[in-house]
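What follows is a short report on a single structure.
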Amino acid sequence: MGLPVSVNSSLNQPCFPGYVLVSLPFLTFLTWGQFYMKIFNLIPLISLITLFQFCQPETQKADLIITNANIWTGNEHQPRAQALAVSGDTILGIGNDLDMEKYTSSSTIVVDADGKFITPGFIDSHVHLMSGGSSLLSIDLRDAKTPEEFTQRIAEYARGLAPGVWILEGNWDHTLWGGELPRKEWIDEFTKENPVVISRLDGHMVLANSLALDLASISESTPDVSGGEIVRNKDGFPTGILKDNAMDLLWGDIPALTETQKKTAFTSAMQYLVSHGVTSIHDMNGLSSNWGSYHYAQMARDEGDLLIRIYAMQSLSQWKQLEQQIANEGAGDKWLKIGGLKGFIDGSLGSHTAAFKEPYSDKPEDLGLFINTQEDIYQLVSAADSAGLQLLIHAIGDSAVQTLLNIYDRVSEENATKNTRHRIEHAQHIAPEDFDRFKSTSVIPSVQPYHAIDDGRWAEGLIGSERIKTTHPYRTFLDNQAVLAFGSDWPVAPATPLEGIYAAVTRRTLDDKNPDGWVPEQKISVEEALLAYTKYAAYASFEEDIKGTLEPGKLADFVVISEDITKVDPIRIRDLQVLETYVGGKQVFDILE
């Protein structure tokens, strides 16, 4: 026997018309009075059944569903999955193929991944975006292996330039030809009408030709520069090499890029990054007046053309300006974010300007140098910390790292600030007694694993066999429970996360002379490296709630890779391909296009 049920149309949830069928054999021998009393008593139960069966909220439908995939989520509560559903720019659900049926509608795009490997979008925690984009459009000297090849490339490039056009970037590496620093005489003959200021790949040393030196009025009478060096020959004349703060003597004479050049550099940089699976970056020069990406990112976002998410940094000395900008505009959104300050303690190992507690092994009188005084850094860090801003400060040598940890400790105690997530950028050479301080102070080592397989070719000659044991020490960082965030330092190194993971896992140097790994005890696992490029990189920018793992409610930023990097021989990781990149559920790169 069936009784019709009226569904309450005033409920907020969508309800469906229908009947609840109730079998009532026990009513057969009741009087009418008893019958109506029984029915009256059943009404609450019938209503409850009706609500559960007919007033359940309708499942939200997906715009995109990826099925038949091999998904590494980064989420410890659901490490692997087969499929994911996307609504708008956000992950709606994740699980197996059958789980996706409830999210499917006639308008849902369903993509069969054919078993391909998917990870969260890679987050590059240390990039110089506009410089990287500009380098894609300029001369490339990174792999010039001899002085002759170095010179020939510059000569050929200069032949195609109009007089007066500057030759910049370059990113040369003198260790590839035995360590002799280039000199202006190598290139002067071929660049008489074109000023040249080309960087060593670490950005802490440049080679200028005679024309550029003359334009900047740099000569034998130019005084030495604190925190830098004008390299001179035996007669006191500049060789063309300038290190760290001495490079400032040149910058004012280099013409700024045109608006067209900047837009082209920005667009080229975005396309390069997404082609390697990078969906978010921390741009160390993002708010710079000369090399800032923020303005161009704003325009691209407003026009719907922004392909990557950007956390843009201001210079440490401009902390007040950043504080005011946040007060006026806010700290940003899921596409563009501000709040970080980039500063420097020392230089680089390859330029002999990283600050060490003991002298360089190949230069017993040389301890490296501090680019800024310790007191100046303390004053700036203290003020910025009080303003609630995040500090991202470059420190490479063990003396520089220890100095910065001391400053962070002092400021934390004096200001009583919490959850600052201050960072040490590079953190390459650590005194053994300092490792546990990263956990106790919650300081994040923001490191670039590609540097390890690059520096490993020659670092021991500079700092000896003992200090290299705690150089690029990723295993020791993790064993001491530090939160490790990975990046590239592009254009100093390529912004290729697969190569970064390969470097951290194998530590096989670029010259193939360390097949078992350089300082192999510092290797980490593939999954640990993946977390450093995703979950913990998001944590390093206070964005772990919206990205870094693939789970419902987070942004649908993910990468499709040709094979499962957690299963292949680690030696093959750098040869795998990024097939597709998605940002906010939209495909921004397809290797077939």
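Residue numbering restarts at 1 in every chain; chains get A, B, ... in the order shown in the structure tokens, and ligands count up from 1 in that same order.
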> Near Ile468 (chain A), counting only C-alpha atoms, which residues have an atom at most 10 Å away, once you skip same-chain residues fewer than 6 positions from it, shown as a list in words?
Replying inline: Gln428, His429, Ile430, Gly456, Ala459, Glu460, Gly461, Leu462, Trp518 and Val519 of chain A
Next, the residues of the selection above should be written as a short mmCIF file (atom, residue, chain, number, x, y, z; two decimals), in the first residue's frame with N, CA, C and O atoms.
```cif
data_model
loop_
_atom_site.label_atom_id
_atom_site.label_comp_id
_atom_site.auth_asym_id
_atom_site.auth_seq_id
_atom_site.Cartn_x
_atom_site.Cartn_y
_atom_site.Cartn_z
N GLN A 428 74.15 26.98 1.30
CA GLN A 428 74.93 25.91 0.66
C GLN A 428 75.94 25.24 1.57
O GLN A 428 76.16 24.04 1.48
N HIS A 429 76.57 26.01 2.42
CA HIS A 429 77.67 25.46 3.24
C HIS A 429 77.35 25.73 4.70
O HIS A 429 77.31 26.88 5.13
N ILE A 430 77.14 24.66 5.45
CA ILE A 430 76.64 24.80 6.81
C ILE A 430 77.67 24.27 7.81
O ILE A 430 78.20 23.16 7.64
N GLY A 456 79.73 20.60 -7.58
CA GLY A 456 80.45 19.38 -7.22
C GLY A 456 81.62 19.07 -8.13
O GLY A 456 82.50 18.28 -7.78
N ALA A 459 84.14 22.21 -6.32
CA ALA A 459 84.04 22.80 -4.99
C ALA A 459 85.14 22.31 -4.04
O ALA A 459 85.64 23.08 -3.21
N GLU A 460 85.50 21.04 -4.13
CA GLU A 460 86.50 20.53 -3.18
C GLU A 460 87.83 21.26 -3.32
O GLU A 460 88.54 21.47 -2.33
N GLY A 461 88.16 21.67 -4.52
CA GLY A 461 89.40 22.42 -4.71
C GLY A 461 89.39 23.77 -4.03
O GLY A 461 90.44 24.32 -3.71
N LEU A 462 88.19 24.31 -3.78
CA LEU A 462 88.08 25.62 -3.15
C LEU A 462 87.95 25.55 -1.64
O LEU A 462 88.46 26.43 -0.93
N TRP A 518 78.10 12.81 -5.82
CA TRP A 518 79.06 13.65 -5.10
C TRP A 518 78.56 13.82 -3.67
O TRP A 518 77.43 14.24 -3.45
N VAL A 519 79.39 13.48 -2.71
CA VAL A 519 79.00 13.43 -1.30
C VAL A 519 77.68 12.63 -1.22
O VAL A 519 76.62 13.18 -0.87
#
```
What's around region 499-508 of chain A at 7 Å? Count only C-alpha atoms, leave out sequence neighbours fewer than 4 positions away in its own chain, and write the answer as a PDB file with C-alpha atoms, in the first residue's frame.
```pdb
ATOM      1  CA  PRO A 449      69.759  21.205  -6.150  1.00  0.00           C
ATOM      2  CA  TYR A 450      71.091  21.827  -9.659  1.00  0.00           C
ATOM      3  CA  ALA A 452      75.042  20.751  -6.209  1.00  0.00           C
ATOM      4  CA  ILE A 453      75.814  18.814  -9.390  1.00  0.00           C
ATOM      5  CA  ASP A 512      79.827  12.564 -15.063  1.00  0.00           C
ATOM      6  CA  ASN A 514      80.746  11.073  -9.768  1.00  0.00           C
ATOM      7  CA  PRO A 515      78.552   8.173 -10.958  1.00  0.00           C
ATOM      8  CA  ASP A 516      77.676   7.178  -7.386  1.00  0.00           C
ATOM      9  CA  GLY A 517      76.983  10.766  -6.397  1.00  0.00           C
ATOM     10  CA  TRP A 518      79.063  13.646  -5.102  1.00  0.00           C
ATOM     11  CA  PRO A 520      76.498  10.555  -1.729  1.00  0.00           C
ATOM     12  CA  LYS A 523      71.205  12.096  -1.367  1.00  0.00           C
ATOM     13  CA  ILE A 524      67.470  12.197  -0.700  1.00  0.00           C
ATOM     14  CA  SER A 525      64.570  10.144  -2.077  1.00  0.00           C
ATOM     15  CA  VAL A 526      62.461  11.037  -5.107  1.00  0.00           C
ATOM     16  CA  ALA A 529      62.489  15.891  -3.631  1.00  0.00           C
ATOM     17  CA  PRO A 570      66.796   7.814 -10.929  1.00  0.00           C
ATOM     18  CA  ILE A 571      69.478   8.276 -13.574  1.00  0.00           C
ATOM     19  CA  ILE A 573      64.669  11.259 -14.334  1.00  0.00           C
ATOM     20  CA  ARG A 574      66.258  14.218 -16.102  1.00  0.00           C
TER      21      ARG A 574
END
```
Quick check for you: according to DSSP on this backbone, which residues of region 458-572 of chain A are classed as strand (DSSP E)? Reply as a PDB file with N, CA and C atoms, in the first residue's frame.
```pdb
ATOM      1  N   ALA A 485      62.776  23.703   0.888  1.00  0.00           N
ATOM      2  CA  ALA A 485      62.079  24.186  -0.309  1.00  0.00           C
ATOM      3  C   ALA A 485      63.074  24.240  -1.462  1.00  0.00           C
ATOM      4  N   PHE A 486      62.650  23.724  -2.619  1.00  0.00           N
ATOM      5  CA  PHE A 486      63.534  23.658  -3.783  1.00  0.00           C
ATOM      6  C   PHE A 486      63.211  24.754  -4.799  1.00  0.00           C
ATOM      7  N   PHE A 558      48.585  21.194 -12.029  1.00  0.00           N
ATOM      8  CA  PHE A 558      49.215  19.882 -12.074  1.00  0.00           C
ATOM      9  C   PHE A 558      49.974  19.679 -13.380  1.00  0.00           C
ATOM     10  N   VAL A 559      50.826  18.664 -13.368  1.00  0.00           N
ATOM     11  CA  VAL A 559      51.739  18.405 -14.479  1.00  0.00           C
ATOM     12  C   VAL A 559      51.619  16.947 -14.898  1.00  0.00           C
ATOM     13  N   VAL A 560      51.576  16.713 -16.192  1.00  0.00           N
ATOM     14  CA  VAL A 560      51.555  15.362 -16.744  1.00  0.00           C
ATOM     15  C   VAL A 560      52.956  15.040 -17.261  1.00  0.00           C
ATOM     16  N   ILE A 561      53.517  13.932 -16.759  1.00  0.00           N
ATOM     17  CA  ILE A 561      54.897  13.553 -17.083  1.00  0.00           C
ATOM     18  C   ILE A 561      54.893  12.196 -17.773  1.00  0.00           C
TER      19      ILE A 561
END
```
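For Val578 (chain A), the residues within 10 Å (counting only C-alpha atoms, excluding itself and residues fewer than 5 positions away along the chain) are Phe117, Ile118, Val274, Ser275, His276, Gly277, Val278, Thr496, Pro497, Leu498, Val559, Val560, Ile561, Ser562, Glu563, Phe589, Asp590 and Ile591 of chain A.
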>> Give me, as a count of residues only, all polymer residues having an atom no more than 12 Å from Gln314 (chain A), counting only C-alpha atoms and skipping those fewer than 5 positions away in the same chain.
In response: 34
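Proximity to Ser465 (chain A) was assessed for A:Thr373, A:Gly252, A:Thr417, A:Tyr360 counting only C-alpha atoms; the smallest distance is recorded for A:Tyr360.
With CA of Asn415 (chain A) on one side and CA of Ser317 (chain A) on the other, the separation reads 19.0 Å.
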> What gap, in Å, lies between CA of Asp97 (chain A) and CA of Gln82 (chain A)?
Replying inline: 6.3 Å
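Candidate residues A:Lys192, A:Arg421, A:His426, A:Lys145 were compared for distance to Ala538 (chain A), and the nearest is A:Arg421, using only C-alpha atoms.
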> Counting only C-alpha atoms, which of A:Thr222, A:Asp398, A:Phe435, A:Lys263 gets nearest to Ser348 (chain A)?
Replying inline: A:Asp398
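In terms of minimum interatomic distance to Lys567 (chain A), A:Asn70 ranks closest within A:Ser315, A:Asn233, A:Ser488, A:Asn70, counting only C-alpha atoms.
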Excluding region 98-112 of chain A and any residue of its chain fewer than 4 positions from it, enumerate the residues within 8 Å of it, using only C-alpha atoms, and give them as an mmCIF file with all heavy atoms, in the first residue's frame.
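What follows is the written file selection_36.cif:
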```cif
data_model
loop_
_atom_site.group_PDB
_atom_site.id
_atom_site.type_symbol
_atom_site.label_atom_id
_atom_site.label_comp_id
_atom_site.auth_asym_id
_atom_site.auth_seq_id
_atom_site.Cartn_x
_atom_site.Cartn_y
_atom_site.Cartn_z
ATOM 1 N N THR A 59 25.075 16.804 -6.407
ATOM 2 C CA THR A 59 26.530 16.829 -6.485
ATOM 3 C C THR A 59 26.975 17.843 -7.531
ATOM 4 O O THR A 59 26.474 17.863 -8.657
ATOM 5 C CB THR A 59 27.078 15.440 -6.859
ATOM 6 O OG1 THR A 59 26.663 14.500 -5.871
ATOM 7 C CG2 THR A 59 28.596 15.465 -6.936
ATOM 8 N N GLN A 60 27.932 18.691 -7.147
ATOM 9 C CA GLN A 60 28.456 19.679 -8.082
ATOM 10 C C GLN A 60 29.124 18.969 -9.254
ATOM 11 O O GLN A 60 29.800 17.959 -9.080
ATOM 12 C CB GLN A 60 29.466 20.584 -7.369
ATOM 13 C CG GLN A 60 29.976 21.728 -8.224
ATOM 14 C CD GLN A 60 30.922 22.630 -7.441
ATOM 15 O OE1 GLN A 60 31.067 22.484 -6.232
ATOM 16 N NE2 GLN A 60 31.567 23.554 -8.122
ATOM 17 N N LYS A 61 28.941 19.478 -10.435
ATOM 18 C CA LYS A 61 29.491 18.852 -11.623
ATOM 19 C C LYS A 61 30.832 19.477 -11.997
ATOM 20 O O LYS A 61 31.110 20.637 -11.710
ATOM 21 C CB LYS A 61 28.513 18.950 -12.797
ATOM 22 C CG LYS A 61 27.156 18.307 -12.511
ATOM 23 C CD LYS A 61 27.289 16.851 -12.052
ATOM 24 C CE LYS A 61 25.938 16.235 -11.754
ATOM 25 N NZ LYS A 61 26.048 14.843 -11.256
ATOM 26 N N ALA A 62 31.659 18.690 -12.649
ATOM 27 C CA ALA A 62 33.014 19.103 -13.004
ATOM 28 C C ALA A 62 33.056 19.701 -14.401
ATOM 29 O O ALA A 62 32.294 19.309 -15.286
ATOM 30 C CB ALA A 62 33.953 17.911 -12.911
ATOM 31 N N ASP A 63 33.960 20.627 -14.586
ATOM 32 C CA ASP A 63 34.254 21.136 -15.928
ATOM 33 C C ASP A 63 35.227 20.209 -16.648
ATOM 34 O O ASP A 63 35.171 20.053 -17.865
ATOM 35 C CB ASP A 63 34.864 22.538 -15.846
ATOM 36 C CG ASP A 63 33.921 23.525 -15.200
ATOM 37 O OD1 ASP A 63 32.757 23.588 -15.624
ATOM 38 O OD2 ASP A 63 34.337 24.213 -14.250
ATOM 39 N N LEU A 64 36.133 19.615 -15.869
ATOM 40 C CA LEU A 64 37.173 18.751 -16.426
ATOM 41 C C LEU A 64 37.378 17.556 -15.513
ATOM 42 O O LEU A 64 37.426 17.710 -14.285
ATOM 43 C CB LEU A 64 38.493 19.531 -16.563
ATOM 44 C CG LEU A 64 39.746 18.721 -16.895
ATOM 45 C CD1 LEU A 64 39.690 18.206 -18.342
ATOM 46 C CD2 LEU A 64 41.007 19.565 -16.681
ATOM 47 N N ILE A 65 37.499 16.378 -16.094
ATOM 48 C CA ILE A 65 37.851 15.181 -15.334
ATOM 49 C C ILE A 65 39.012 14.479 -16.045
ATOM 50 O O ILE A 65 38.965 14.269 -17.263
ATOM 51 C CB ILE A 65 36.654 14.226 -15.191
ATOM 52 C CG1 ILE A 65 35.583 14.840 -14.275
ATOM 53 C CG2 ILE A 65 37.094 12.867 -14.650
ATOM 54 C CD1 ILE A 65 34.332 13.991 -14.119
ATOM 55 N N ILE A 66 40.040 14.172 -15.290
ATOM 56 C CA ILE A 66 41.170 13.380 -15.790
ATOM 57 C C ILE A 66 41.006 11.967 -15.249
ATOM 58 O O ILE A 66 40.908 11.773 -14.030
ATOM 59 C CB ILE A 66 42.519 13.957 -15.328
ATOM 60 C CG1 ILE A 66 42.634 15.444 -15.676
ATOM 61 C CG2 ILE A 66 43.672 13.153 -15.926
ATOM 62 C CD1 ILE A 66 42.755 15.765 -17.131
ATOM 63 N N THR A 67 40.970 10.987 -16.120
ATOM 64 C CA THR A 67 40.824 9.596 -15.694
ATOM 65 C C THR A 67 42.030 8.772 -16.124
ATOM 66 O O THR A 67 42.887 9.245 -16.889
ATOM 67 C CB THR A 67 39.556 8.970 -16.298
ATOM 68 O OG1 THR A 67 39.697 8.929 -17.732
ATOM 69 C CG2 THR A 67 38.316 9.765 -15.933
ATOM 70 N N ASN A 68 42.073 7.533 -15.622
ATOM 71 C CA ASN A 68 43.096 6.567 -16.040
ATOM 72 C C ASN A 68 44.501 7.159 -15.908
ATOM 73 O O ASN A 68 45.332 7.041 -16.803
ATOM 74 C CB ASN A 68 42.837 6.114 -17.480
ATOM 75 C CG ASN A 68 43.745 4.967 -17.893
ATOM 76 O OD1 ASN A 68 44.246 4.195 -17.059
ATOM 77 N ND2 ASN A 68 43.999 4.851 -19.193
ATOM 78 N N ALA A 69 44.745 7.827 -14.792
ATOM 79 C CA ALA A 69 46.043 8.466 -14.556
ATOM 80 C C ALA A 69 46.761 7.767 -13.400
ATOM 81 O O ALA A 69 46.178 6.958 -12.665
ATOM 82 C CB ALA A 69 45.855 9.944 -14.233
ATOM 83 N N ALA A 83 42.223 9.359 -10.636
ATOM 84 C CA ALA A 83 41.464 10.363 -11.373
ATOM 85 C C ALA A 83 41.234 11.593 -10.510
ATOM 86 O O ALA A 83 41.300 11.529 -9.278
ATOM 87 C CB ALA A 83 40.120 9.780 -11.820
ATOM 88 N N LEU A 84 40.975 12.716 -11.186
ATOM 89 C CA LEU A 84 40.623 13.939 -10.460
ATOM 90 C C LEU A 84 39.607 14.730 -11.261
ATOM 91 O O LEU A 84 39.569 14.667 -12.494
ATOM 92 C CB LEU A 84 41.853 14.779 -10.126
ATOM 93 C CG LEU A 84 42.743 15.351 -11.225
ATOM 94 C CD1 LEU A 84 42.168 16.655 -11.775
ATOM 95 C CD2 LEU A 84 44.145 15.607 -10.718
ATOM 96 N N ALA A 85 38.779 15.455 -10.530
ATOM 97 C CA ALA A 85 37.749 16.299 -11.137
ATOM 98 C C ALA A 85 38.028 17.754 -10.787
ATOM 99 O O ALA A 85 38.433 18.071 -9.667
ATOM 100 C CB ALA A 85 36.369 15.888 -10.634
ATOM 101 N N GLY A 93 37.172 16.794 -6.777
ATOM 102 C CA GLY A 93 37.276 15.471 -6.179
ATOM 103 C C GLY A 93 38.483 14.743 -6.720
ATOM 104 O O GLY A 93 38.994 15.064 -7.803
ATOM 105 N N ILE A 94 38.940 13.755 -5.979
ATOM 106 C CA ILE A 94 40.087 12.958 -6.411
ATOM 107 C C ILE A 94 39.904 11.548 -5.865
ATOM 108 O O ILE A 94 39.435 11.362 -4.738
ATOM 109 C CB ILE A 94 41.421 13.603 -5.943
ATOM 110 C CG1 ILE A 94 42.619 12.914 -6.578
ATOM 111 C CG2 ILE A 94 41.539 13.645 -4.431
ATOM 112 C CD1 ILE A 94 43.898 13.748 -6.520
#
```
>> Residues within 12 Å of Pro491 (chain A), please, as number ranges by chain. Count only C-alpha atoms; anything in the same chain fewer than 5 positions from it doesn't count.
In response: A: 126-138, 140-142, 169-172, 199-203, 269, 272-273, 283-284, 448, 450-451, 496
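Across the structure, CA of Thr146 (chain A) and CA of Ile187 (chain A) are spaced 13.7 Å apart.
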> When DSSP works through the backbone of this structure, what residues of region 194-292 of chain A end up as alpha helix (DSSP H), shown as a ChimeraX atom specification?
Replying inline: /A:210-215,248-251,259-275
